[in-house]
$ cat upload-v9.txt   # compact mmCIF, C-alpha atoms and all ligand atoms
# COMPACT_ATOMS: atom_id res chain seq x y z
CA MET Q 1 -13.53 11.33 -16.12
CA ILE Q 2 -10.96 8.56 -16.53
CA TYR Q 3 -9.68 7.47 -13.14
CA LEU Q 4 -5.97 6.62 -13.01
CA ASP Q 5 -5.30 7.01 -9.29
CA ALA Q 6 -5.68 3.42 -8.07
CA ASN Q 7 -2.85 3.74 -5.54
CA ALA Q 8 -4.83 6.43 -3.69
CA SER Q 9 -7.95 4.22 -3.71
CA GLU Q 10 -8.94 1.43 -6.07
CA PRO Q 11 -12.48 1.82 -7.44
CA LEU Q 12 -14.95 -0.30 -5.50
CA ARG Q 13 -15.16 -3.82 -6.95
CA PRO Q 14 -18.70 -5.10 -7.56
CA GLU Q 15 -18.14 -8.21 -5.41
CA ALA Q 16 -16.91 -5.99 -2.55
CA ARG Q 17 -19.93 -3.70 -2.92
CA ALA Q 18 -22.30 -6.68 -2.80
CA ALA Q 19 -20.61 -8.10 0.31
CA ALA Q 20 -20.60 -4.71 2.07
CA LEU Q 21 -24.29 -4.10 1.29
CA ALA Q 22 -25.25 -7.55 2.56
CA ALA Q 23 -23.35 -6.87 5.80
CA LEU Q 24 -24.98 -3.42 6.15
CA ASP Q 25 -28.36 -5.10 6.22
CA LEU Q 26 -27.39 -7.42 9.08
CA GLY Q 27 -27.99 -4.67 11.61
CA ALA Q 28 -26.47 -6.44 14.60
CA ASN Q 29 -23.30 -6.37 16.66
CA PRO Q 30 -21.03 -9.37 16.07
CA ALA Q 31 -20.33 -9.48 19.82
CA SER Q 32 -24.00 -10.06 20.71
CA ILE Q 33 -24.91 -13.59 21.64
CA HIS Q 34 -28.45 -13.60 20.20
CA GLY Q 35 -29.27 -14.95 16.75
CA PRO Q 36 -28.72 -11.72 14.73
CA GLY Q 37 -25.45 -11.15 16.60
CA ARG Q 38 -24.32 -14.68 15.81
CA ALA Q 39 -25.19 -14.13 12.15
CA ALA Q 40 -23.05 -10.98 12.11
CA ARG Q 41 -20.28 -12.88 13.88
CA ALA Q 42 -20.39 -15.61 11.24
CA VAL Q 43 -19.88 -13.00 8.51
CA LEU Q 44 -16.96 -11.49 10.41
CA GLU Q 45 -15.29 -14.87 10.92
CA THR Q 46 -15.83 -15.87 7.29
CA ALA Q 47 -14.08 -12.66 6.23
CA ARG Q 48 -11.25 -13.41 8.65
CA GLU Q 49 -10.80 -16.93 7.30
CA ALA Q 50 -10.84 -15.73 3.70
CA LEU Q 51 -8.20 -13.10 4.40
CA ALA Q 52 -6.03 -15.53 6.36
CA ALA Q 53 -6.14 -18.06 3.51
CA ARG Q 54 -5.38 -15.38 0.91
CA PHE Q 55 -2.31 -13.98 2.70
CA GLY Q 56 -0.86 -17.05 4.41
CA ALA Q 57 -1.84 -16.49 8.04
CA ARG Q 58 -3.95 -18.34 10.59
CA ALA Q 59 -7.47 -16.95 10.99
CA GLU Q 60 -6.90 -16.28 14.70
CA ASP Q 61 -3.88 -14.13 13.81
CA VAL Q 62 -5.87 -11.66 11.69
CA VAL Q 63 -6.72 -8.43 13.52
CA PHE Q 64 -9.19 -6.13 11.78
CA THR Q 65 -8.62 -2.39 12.06
CA SER Q 66 -9.99 0.83 10.55
CA GLY Q 67 -7.28 0.84 7.88
CA ALA Q 68 -3.58 0.39 7.30
CA THR Q 69 -2.53 3.51 9.21
CA GLU Q 70 -4.03 2.10 12.40
CA ALA Q 71 -2.70 -1.41 11.73
CA LEU Q 72 0.83 -0.07 11.16
CA ALA Q 73 0.72 2.07 14.31
CA CYS Q 74 -0.53 -0.88 16.34
CA ALA Q 75 2.12 -3.23 14.93
CA ILE Q 76 5.00 -0.80 15.37
CA ARG Q 77 4.06 -0.09 18.95
CA ALA Q 78 3.55 -3.73 19.89
CA LEU Q 79 6.34 -5.37 17.89
CA GLY Q 80 8.81 -2.55 18.44
CA ASN Q 81 8.29 -2.52 22.18
CA GLY Q 82 11.77 -2.00 23.67
CA ARG Q 83 13.51 -2.76 20.37
CA ARG Q 84 15.54 -0.47 18.20
CA THR Q 85 13.73 0.19 14.95
CA MET Q 86 14.72 0.73 11.34
CA ILE Q 87 12.36 1.84 8.57
CA GLY Q 88 12.85 2.10 4.82
CA ALA Q 89 13.60 5.60 3.50
CA THR Q 90 10.57 5.52 1.21
CA GLU Q 91 8.02 4.17 3.70
CA HIS Q 92 4.56 5.68 3.87
CA PRO Q 93 4.18 8.58 6.35
CA ALA Q 94 1.98 6.26 8.45
CA VAL Q 95 5.13 4.25 9.26
CA ALA Q 96 7.41 7.25 9.77
CA ALA Q 97 4.86 8.86 12.13
CA ALA Q 98 4.54 5.69 14.22
CA ALA Q 99 8.31 5.21 14.54
CA PRO Q 100 9.80 8.59 15.47
CA GLY Q 101 13.57 8.46 15.83
CA ALA Q 102 13.87 5.19 13.89
CA ALA Q 103 17.03 4.52 11.90
CA ILE Q 104 16.51 5.00 8.16
CA LEU Q 105 17.36 2.27 5.67
CA PRO Q 106 18.63 4.07 2.54
CA VAL Q 107 17.45 3.26 -0.97
CA ASP Q 108 19.26 3.43 -4.30
CA PRO Q 109 18.18 5.87 -7.06
CA GLU Q 110 15.57 3.33 -8.23
CA GLY Q 111 14.08 3.22 -4.73
CA VAL Q 112 15.33 -0.25 -3.76
CA ALA Q 113 16.41 -0.69 -0.13
CA ASP Q 114 20.10 -1.32 0.54
CA LEU Q 115 20.17 -4.72 2.22
CA GLY Q 116 23.91 -4.42 2.91
CA VAL Q 117 23.15 -1.50 5.22
CA LEU Q 118 20.32 -3.49 6.82
CA GLU Q 119 22.61 -6.45 7.46
CA ALA Q 120 25.33 -4.29 9.02
CA TRP Q 121 22.77 -2.51 11.21
CA LEU Q 122 21.25 -5.81 12.34
CA ASP Q 123 24.71 -7.12 13.22
CA ALA Q 124 25.61 -4.00 15.19
CA GLY Q 125 23.12 -4.31 18.03
CA PRO Q 126 20.43 -6.23 19.89
CA PRO Q 127 17.28 -7.65 18.20
CA ALA Q 128 15.32 -5.07 16.31
CA LEU Q 129 12.12 -4.24 14.46
CA VAL Q 130 12.45 -3.52 10.73
CA CYS Q 131 9.60 -1.97 8.70
CA LEU Q 132 9.74 -2.36 4.95
CA MET Q 133 7.03 -1.87 2.36
CA ALA Q 134 6.47 -4.59 -0.23
CA ALA Q 135 5.74 -2.01 -2.94
CA ASN Q 136 6.08 1.75 -2.96
CA ASN Q 137 2.90 3.78 -3.37
CA GLU Q 138 4.48 6.46 -5.57
CA THR Q 139 6.85 4.57 -7.86
CA GLY Q 140 5.58 0.98 -7.55
CA THR Q 141 9.14 -0.16 -6.75
CA LEU Q 142 9.10 -3.65 -5.24
CA GLN Q 143 11.35 -4.15 -2.23
CA PRO Q 144 13.33 -7.37 -1.69
CA ILE Q 145 11.16 -8.34 1.28
CA ALA Q 146 11.89 -12.08 1.08
CA GLU Q 147 15.61 -11.41 1.38
CA ALA Q 148 15.02 -8.81 4.12
CA ALA Q 149 12.89 -11.36 6.02
CA ARG Q 150 15.69 -13.93 5.80
CA LEU Q 151 18.24 -11.45 7.14
CA CYS Q 152 15.92 -10.45 9.98
CA ARG Q 153 15.08 -14.03 10.94
CA ARG Q 154 18.73 -15.05 11.13
CA ARG Q 155 19.38 -12.22 13.60
CA GLY Q 156 16.26 -12.54 15.74
CA ALA Q 157 14.80 -9.32 14.32
CA ARG Q 158 11.13 -8.82 13.49
CA LEU Q 159 10.14 -7.71 10.00
CA LEU Q 160 6.89 -5.78 9.58
CA VAL Q 161 5.79 -5.69 5.94
CA ASP Q 162 3.55 -2.87 4.70
CA GLY Q 163 1.71 -4.84 2.03
CA VAL Q 164 -0.83 -2.11 1.23
CA GLN Q 165 0.15 -1.48 -2.39
CA ALA Q 166 1.36 -5.00 -3.16
CA ALA Q 167 -1.73 -6.87 -1.91
CA GLY Q 168 -3.83 -8.13 -4.79
CA ARG Q 169 -1.12 -7.11 -7.26
CA VAL Q 170 1.77 -9.44 -6.45
CA ARG Q 171 1.87 -12.62 -4.35
CA LEU Q 172 2.02 -11.88 -0.62
CA ASP Q 173 2.15 -14.76 1.84
CA LEU Q 174 3.10 -14.11 5.44
CA THR Q 175 4.10 -17.70 6.21
CA ALA Q 176 6.17 -18.12 3.04
CA LEU Q 177 7.90 -14.82 3.74
CA GLY Q 178 8.65 -15.64 7.35
CA ALA Q 179 7.93 -12.06 8.42
CA ALA Q 180 6.52 -11.10 11.83
CA ALA Q 181 3.52 -9.21 10.45
CA LEU Q 182 1.81 -7.98 7.30
CA VAL Q 183 -0.52 -5.00 6.91
CA ILE Q 184 -3.18 -4.53 4.23
CA SER Q 185 -5.84 -1.92 3.51
CA GLY Q 186 -9.33 -2.51 2.08
CA HIS Q 187 -9.68 0.53 -0.15
CA LYS Q 188 -6.37 -0.20 -1.89
CA LEU Q 189 -7.74 -3.58 -2.95
CA GLY Q 190 -11.07 -2.40 -4.32
CA GLY Q 191 -12.92 -2.76 -1.03
CA PRO Q 192 -14.77 0.03 0.80
CA LEU Q 193 -12.92 2.70 2.76
CA GLY Q 194 -12.60 2.12 6.49
CA ALA Q 195 -11.17 -1.37 6.97
CA GLY Q 196 -7.68 -2.80 7.13
CA ALA Q 197 -5.99 -5.77 8.71
CA LEU Q 198 -2.90 -6.70 10.63
CA LEU Q 199 -1.84 -10.30 9.99
CA LEU Q 200 0.52 -11.72 12.57
CA ALA Q 201 2.92 -14.66 12.57
CA PRO Q 202 1.79 -17.25 15.17
CA GLU Q 203 4.62 -16.33 17.56
CA GLU Q 204 3.51 -12.67 17.54
CA SER Q 205 -0.15 -13.47 18.05
CA ALA Q 206 -0.51 -12.05 21.57
CA LEU Q 207 -0.41 -8.37 20.77
CA VAL Q 208 -0.65 -5.46 23.19
CA PRO Q 209 -3.55 -3.40 21.82
CA LEU Q 210 -3.12 0.14 20.57
CA ILE Q 211 -6.76 0.75 21.38
CA GLY Q 212 -8.29 -0.93 24.43
CA GLY Q 213 -11.98 -1.42 24.91
CA GLY Q 214 -14.49 -4.23 24.88
CA GLY Q 215 -12.04 -7.04 24.19
CA GLN Q 216 -12.84 -7.32 20.50
CA GLU Q 217 -10.38 -9.03 18.13
CA ARG Q 218 -9.21 -11.31 20.98
CA GLY Q 219 -8.31 -8.29 23.08
CA ARG Q 220 -5.95 -6.92 20.43
CA ARG Q 221 -8.12 -4.09 19.06
CA GLY Q 222 -10.95 -2.55 21.02
CA GLY Q 223 -14.02 -1.22 19.21
CA THR Q 224 -16.94 -2.79 17.37
CA PRO Q 225 -15.54 -3.98 14.02
CA GLY Q 226 -16.83 -2.19 10.90
CA LEU Q 227 -18.45 -5.24 9.44
CA PRO Q 228 -19.58 -3.85 6.03
CA ALA Q 229 -16.12 -2.53 5.22
CA ILE Q 230 -14.45 -5.71 6.53
CA SER Q 231 -16.77 -7.93 4.54
CA GLY Q 232 -16.07 -5.85 1.43
CA LEU Q 233 -12.33 -6.03 2.10
CA ALA Q 234 -12.42 -9.83 2.24
CA ALA Q 235 -14.45 -10.04 -0.98
CA ALA Q 236 -12.09 -7.64 -2.75
CA ALA Q 237 -9.05 -9.62 -1.60
CA GLU Q 238 -10.35 -12.68 -3.45
CA ALA Q 239 -10.21 -10.84 -6.79
CA VAL Q 240 -7.19 -11.21 -9.03
CA ALA Q 241 -5.31 -8.41 -10.80
CA PRO Q 242 -6.45 -8.03 -14.41
CA PRO Q 243 -4.04 -9.05 -17.15
CA GLY Q 244 -2.85 -6.29 -19.45
CA LEU Q 245 -1.95 -3.70 -16.82
CA GLY Q 246 1.80 -4.15 -17.38
CA ARG Q 247 1.44 -3.67 -21.12
CA TRP Q 248 -0.68 -0.57 -20.65
CA ARG Q 249 1.77 0.86 -18.11
CA GLU Q 250 4.56 0.37 -20.66
CA SER Q 251 2.54 2.29 -23.22
CA VAL Q 252 1.98 5.13 -20.73
CA GLU Q 253 5.70 5.27 -20.02
CA ALA Q 254 6.68 5.14 -23.68
CA ALA Q 255 4.27 7.99 -24.50
CA ALA Q 256 5.58 10.04 -21.57
CA VAL Q 257 9.21 9.52 -22.54
CA ALA Q 258 8.38 10.53 -26.13
CA ALA Q 259 6.83 13.72 -24.67
CA GLY Q 260 10.00 14.64 -22.72
CA ALA Q 261 9.42 12.93 -19.35
CA PHE Q 262 11.47 10.28 -17.64
CA VAL Q 263 10.25 7.32 -15.63
CA VAL Q 264 11.22 7.30 -11.96
CA GLY Q 265 12.44 3.90 -10.76
CA ALA Q 266 12.45 2.52 -14.32
CA GLY Q 267 15.35 0.17 -13.59
CA ALA Q 268 13.74 -1.57 -10.61
CA PRO Q 269 11.17 -4.37 -10.49
CA ARG Q 270 7.85 -2.55 -10.10
CA LEU Q 271 4.11 -3.01 -9.77
CA ALA Q 272 2.46 -3.55 -13.15
CA ASN Q 273 0.00 -0.72 -12.58
CA THR Q 274 2.21 2.17 -11.44
CA ALA Q 275 4.12 4.76 -13.48
CA CYS Q 276 5.87 7.71 -11.85
CA LEU Q 277 6.59 10.31 -14.54
CA ALA Q 278 8.84 13.35 -14.02
CA LEU Q 279 8.54 16.24 -16.46
CA PRO Q 280 11.59 18.46 -15.84
CA GLY Q 281 10.73 22.10 -15.16
CA VAL Q 282 6.98 21.62 -14.79
CA ARG Q 283 5.45 21.57 -11.30
CA ALA Q 284 3.60 18.36 -10.52
CA GLU Q 285 0.44 20.13 -9.33
CA THR Q 286 0.29 22.09 -12.60
CA GLN Q 287 0.37 18.78 -14.49
CA VAL Q 288 -2.28 17.24 -12.25
CA ILE Q 289 -4.60 20.23 -12.71
CA ALA Q 290 -4.08 20.28 -16.49
CA LEU Q 291 -4.84 16.56 -16.73
CA ASP Q 292 -7.84 16.95 -14.41
CA LEU Q 293 -9.24 19.64 -16.73
CA ALA Q 294 -8.67 17.28 -19.65
CA GLY Q 295 -10.67 14.56 -17.85
CA PHE Q 296 -7.98 12.37 -16.22
CA ALA Q 297 -7.54 11.79 -12.49
CA VAL Q 298 -3.87 11.26 -11.51
CA SER Q 299 -1.88 12.40 -8.49
CA ALA Q 300 1.23 14.32 -7.53
CA GLY Q 301 3.79 13.13 -5.03
CA ALA Q 302 2.24 11.25 -2.17
CA ALA Q 303 -1.57 11.46 -2.08
CA CYS Q 304 -2.34 15.09 -1.33
CA SER Q 305 -3.92 14.22 1.96
CA SER Q 306 -5.21 17.68 2.80
CA GLY Q 307 -5.60 19.02 -0.70
CA LYS Q 308 -2.06 20.37 -0.69
CA VAL Q 309 0.79 18.76 -2.57
CA ALA Q 310 4.01 18.41 -0.58
CA ARG Q 311 7.29 17.52 -2.25
CA SER Q 312 7.51 13.76 -1.90
CA ALA Q 313 9.86 12.57 0.85
CA ALA Q 314 10.17 9.21 -0.90
CA LEU Q 315 11.29 10.76 -4.19
CA LEU Q 316 13.73 13.00 -2.31
CA ALA Q 317 15.15 9.92 -0.59
CA MET Q 318 15.76 8.45 -4.06
CA GLY Q 319 17.91 11.48 -4.82
CA LEU Q 320 15.58 13.20 -7.29
CA GLY Q 321 16.22 16.65 -5.79
CA PRO Q 322 14.11 19.41 -7.40
CA LEU Q 323 12.71 16.85 -9.88
CA ALA Q 324 10.74 15.39 -6.97
CA GLY Q 325 8.41 18.36 -7.39
CA ALA Q 326 7.90 17.60 -11.08
CA ALA Q 327 6.73 13.97 -10.82
CA ILE Q 328 3.19 12.69 -11.14
CA ARG Q 329 1.86 9.22 -10.47
CA VAL Q 330 -0.33 7.36 -12.90
CA SER Q 331 -1.74 4.23 -11.25
CA LEU Q 332 -3.99 2.04 -13.36
CA PRO Q 333 -7.05 0.65 -11.54
CA TRP Q 334 -8.44 -2.88 -11.85
CA ASN Q 335 -11.06 -1.59 -14.29
CA ALA Q 336 -8.67 0.30 -16.60
CA THR Q 337 -9.37 -0.05 -20.31
CA ALA Q 338 -7.18 0.07 -23.41
CA THR Q 339 -9.16 3.00 -24.80
CA GLY Q 340 -8.87 4.94 -21.52
CA VAL Q 341 -5.12 4.42 -21.44
CA ALA Q 342 -4.75 5.38 -25.11
CA ALA Q 343 -6.77 8.58 -24.49
CA PHE Q 344 -4.54 9.40 -21.52
CA ASN Q 345 -1.40 8.98 -23.61
CA VAL Q 346 -2.70 11.52 -26.12
CA ALA Q 347 -3.73 13.95 -23.36
CA TYR Q 348 -0.35 13.57 -21.61
CA GLY Q 349 1.51 14.37 -24.83
CA ALA Q 350 -0.60 17.49 -25.41
CA MET Q 351 -0.23 18.60 -21.77
CA ALA Q 352 3.55 18.10 -21.82
CA ALA Q 353 4.00 19.95 -25.11
CA ARG Q 354 2.00 22.94 -23.82
CA LEU Q 355 3.58 23.14 -20.36
CA LEU Q 356 7.13 22.54 -21.56
CA ARG Q 357 6.67 25.44 -24.02
CA TRP Q 358 5.60 27.70 -21.14
CA ALA Q 359 8.43 26.47 -18.92
CA ALA Q 360 11.06 27.19 -21.60
N1 LIG F 1 0.94 2.25 3.40
C1 LIG F 1 0.98 2.55 2.08
C2 LIG F 1 2.10 2.02 1.24
C3 LIG F 1 -0.02 3.34 1.51
O1 LIG F 1 0.02 3.62 0.20
C4 LIG F 1 -1.06 3.83 2.35
C5 LIG F 1 -2.11 4.73 1.81
O2 LIG F 1 -1.83 5.55 0.94
C6 LIG F 1 -1.07 3.48 3.71
C7 LIG F 1 -0.05 2.69 4.19
C8 LIG F 1 -2.18 3.93 4.63
O3 LIG F 1 -3.36 3.21 4.32
P1 LIG F 1 -4.81 3.61 4.88
O4 LIG F 1 -5.37 4.60 3.92
O5 LIG F 1 -5.59 2.33 4.88
O6 LIG F 1 -4.65 4.13 6.26
$ encode --input "upload-v9.txt" --output "structure tokens" --more "lines below"
Ligand code: PLP
Amino acid sequence: MIYLDANASEPLRPEARAAALAALDLGANPASIHGPGRAARAVLETAREALAARFGARAEDVVFTSGATEALACAIRALGNGRRTMIGATEHPAVAAAAPGAAILPVDPEGVADLGVLEAWLDAGPPALVCLMAANNETGTLQPIAEAARLCRRRGARLLVDGVQAAGRVRLDLTALGAAALVISGHKLGGPLGAGALLLAPEESALVPLIGGGGQERGRRGGTPGLPAISGLAAAAEAVAPPGLGRWRESVEAAAVAAGAFVVGAGAPRLANTACLALPGVRAETQVIALDLAGFAVSAGAACSSGKVARSAALLAMGLGPLAGAAIRVSLPWNATATGVAAFNVAYGAMAARLLRWAA
């Protein structure tokens, strides 16, 4: 099986696996004051420092969570407290679910947020919370987060950046951005499942917890931290994106276009690893199943969280209409190979030729 679904989960990186296994063997609670507890604590704090250095935060402003969904919910509740909120139209459902009733920031047909609308909305009322993803999970479209951060800062608004898909793939630095908070997820970086982090700007450091409890994470997130996953997350975050992904993505897109598809978001700056390919008239799940049978793991719409494939809200927001149901996502992992990508291009061409014949 050739795995091309990195945006759902990156394959585990060897350095992350080694760090997680070492932490599994510690067998102590980092809150305990005895020797084994202190050893576990040292591993936790080393991971915190590494993550802070990697993403431009202070170590004490890194809050570990179970994943990005929890970190986003925590940040939206705490930073949005009493503020009006605006979220990008193509945000992950984790953001939409945590901000019911939020104003929606529209995107253009390439998926790029309309900063003119953001500016007017910021000007029209009291200080706000704005949630914008650095990179979209389905199309790879990069949002102008530096510009959005500038607009927000000038108007006393807080910007929360969902950095889940951008982390490890493009430069992300909370201090350089001047955003209020940044969220990352371990399994999207090549770490184990089950750890994420909320990185806060110093002025947002005192956060009301979403989950109370034993005072862990400086009182900002109750619950014993999942040390193996956290340790793996920090090790994975140190890794750099492999060269060559952009070239391979271009070859995937060229092969798909030659087979009758079009590339969603082609005109926007995008992640080097992500291609969103729409094949008019052919249901996305049919394509995913055909490619699965041919030995290639890709996905349809947003990750099919419960095994079902819903029409993607993000692609609908980009104005794709019925074509939103005909788009698949090919996301190249850190360990992609030229031969794997070449084999996929052949399989995609054969799949498209067969299914387009049936659809006609
Ligand atoms: N934000 C984005 C952009 C994502 O792609 C995802 C996962 O698909 C999430 C948030 C949620 O991350 P997690 O799986 O860590 O809860």
$ residues_near_ligand --input "upload-v9.txt" --ligand "ligand LIG 1 (chain F)" --cutoff "10 Å" --atoms "only C-alpha atoms and all ligand atoms" --output "number ranges by chain"
Q: 7-9, 65-73, 90-95, 132-138, 140, 161-166, 183-188, 193-197, 302-305
$ residues_near_point --input "upload-v9.txt" --point "(0.1, 12.6, -11.6)" --cutoff "8 Å" --atoms "only C-alpha atoms" --output "PyMOL selection string"
chain Q and resi 276-277+284-285+287-288+297-301+327-330
$ residues_around --input "upload-v9.txt" --residues "Phe344 in chain Q" --least-positions-apart "5" --cutoff "9 Å" --atoms "all atoms listed in the file" --output "PyMOL selection string"
chain Q and resi 2+252+291+295-296+339+349
$ atom_distance --input "upload-v9.txt" --atom1 "CA of Ala148 in chain Q" --atom2 "CA of Ala47 in chain Q"
29.4 Å
$ atom_distance --input "upload-v9.txt" --atom1 "CA of Glu217 in chain Q" --atom2 "CA of Ala96 in chain Q"
25.5 Å
$ closest_residue --input "upload-v9.txt" --among "Q:Thr337, Q:Gly325, Q:Leu160, Q:Asp173" --to "Pro242 in chain Q" --atoms "all atoms listed in the file"
Q:Thr337
$ residues_near_point --input "upload-v9.txt" --point "(17.8, -12.6, 10.1)" --cutoff "12 Å" --atoms "all atoms listed in the file" --output "ChimeraX atom specification"
/Q:115,118-123,126-130,145-159,177-180
$ closest_residue --input "upload-v9.txt" --among "Q:Thr286, Q:Thr175, Q:Asn335, Q:Asn81" --to "Val240 in chain Q" --atoms "all atoms listed in the file"
Q:Asn335
$ atom_distance --input "upload-v9.txt" --atom1 "CA of Gln216 in chain Q" --atom2 "CA of Pro11 in chain Q"
29.4 Å
$ residues_around --input "upload-v9.txt" --residues "Gly246 in chain Q" --least-positions-apart "3" --cutoff "9 Å" --atoms "only C-alpha atoms" --output "compact mmCIF listing (two decimals) with C-alpha atoms, in the frame of the given file"
# COMPACT_ATOMS: atom_id res chain seq x y z
CA PRO Q 243 -4.04 -9.05 -17.15
CA ARG Q 249 1.77 0.86 -18.11
CA GLU Q 250 4.56 0.37 -20.66
CA SER Q 251 2.54 2.29 -23.22
CA LEU Q 271 4.11 -3.01 -9.77
CA ALA Q 272 2.46 -3.55 -13.15
CA ASN Q 273 0.00 -0.72 -12.58
CA THR Q 274 2.21 2.17 -11.44
$ residues_around --input "upload-v9.txt" --residues "Arg48 in chain Q" --least-positions-apart "5" --cutoff "12 Å" --atoms "only C-alpha atoms" --output "compact mmCIF listing (two decimals) with C-alpha atoms, in the frame of the given file"
# COMPACT_ATOMS: atom_id res chain seq x y z
CA ARG Q 41 -20.28 -12.88 13.88
CA ALA Q 42 -20.39 -15.61 11.24
CA VAL Q 43 -19.88 -13.00 8.51
CA ALA Q 53 -6.14 -18.06 3.51
CA ARG Q 54 -5.38 -15.38 0.91
CA PHE Q 55 -2.31 -13.98 2.70
CA GLY Q 56 -0.86 -17.05 4.41
CA ALA Q 57 -1.84 -16.49 8.04
CA ARG Q 58 -3.95 -18.34 10.59
CA ALA Q 59 -7.47 -16.95 10.99
CA GLU Q 60 -6.90 -16.28 14.70
CA ASP Q 61 -3.88 -14.13 13.81
CA VAL Q 62 -5.87 -11.66 11.69
CA VAL Q 63 -6.72 -8.43 13.52
CA PHE Q 64 -9.19 -6.13 11.78
CA THR Q 65 -8.62 -2.39 12.06
CA GLY Q 196 -7.68 -2.80 7.13
CA ALA Q 197 -5.99 -5.77 8.71
CA LEU Q 198 -2.90 -6.70 10.63
CA LEU Q 199 -1.84 -10.30 9.99
CA GLU Q 217 -10.38 -9.03 18.13
CA PRO Q 225 -15.54 -3.98 14.02
CA LEU Q 227 -18.45 -5.24 9.44
CA ILE Q 230 -14.45 -5.71 6.53
CA SER Q 231 -16.77 -7.93 4.54
CA GLY Q 232 -16.07 -5.85 1.43
CA LEU Q 233 -12.33 -6.03 2.10
CA ALA Q 234 -12.42 -9.83 2.24
CA ALA Q 235 -14.45 -10.04 -0.98
CA ALA Q 237 -9.05 -9.62 -1.60
$ closest_residue --input "upload-v9.txt" --among "Q:Gly222, Q:Ala19, Q:Leu210, Q:Leu4" --to "Ile76 in chain Q" --atoms "all atoms listed in the file"
Q:Leu210
$ decode --input "upload-v9.txt" --residues "range 127-131 of chain Q" --atoms "all heavy atoms" --output "compact mmCIF listing (two decimals), in the first residue's frame"
# COMPACT_ATOMS: atom_id res chain seq x y z
N PRO Q 127 -13.27 45.02 20.23
CA PRO Q 127 -12.22 44.02 20.02
C PRO Q 127 -12.78 42.60 19.90
O PRO Q 127 -13.76 42.24 20.55
CB PRO Q 127 -11.34 44.17 21.26
CG PRO Q 127 -11.53 45.57 21.66
CD PRO Q 127 -12.95 45.92 21.33
N ALA Q 128 -12.12 41.83 19.07
CA ALA Q 128 -12.67 40.55 18.68
C ALA Q 128 -11.64 39.44 18.79
O ALA Q 128 -10.46 39.68 19.08
CB ALA Q 128 -13.14 40.66 17.22
N LEU Q 129 -12.11 38.21 18.55
CA LEU Q 129 -11.23 37.06 18.34
C LEU Q 129 -11.40 36.62 16.89
O LEU Q 129 -12.54 36.48 16.41
CB LEU Q 129 -11.61 35.90 19.27
CG LEU Q 129 -10.91 34.57 18.96
CD1 LEU Q 129 -9.41 34.65 19.22
CD2 LEU Q 129 -11.53 33.43 19.77
N VAL Q 130 -10.30 36.41 16.20
CA VAL Q 130 -10.33 35.92 14.81
C VAL Q 130 -9.57 34.60 14.76
O VAL Q 130 -8.46 34.49 15.30
CB VAL Q 130 -9.67 36.96 13.85
CG1 VAL Q 130 -9.62 36.42 12.43
CG2 VAL Q 130 -10.42 38.28 13.91
N CYS Q 131 -10.19 33.59 14.13
CA CYS Q 131 -9.53 32.28 13.99
C CYS Q 131 -9.27 32.02 12.52
O CYS Q 131 -10.21 32.00 11.70
CB CYS Q 131 -10.42 31.15 14.51
SG CYS Q 131 -11.06 31.43 16.15
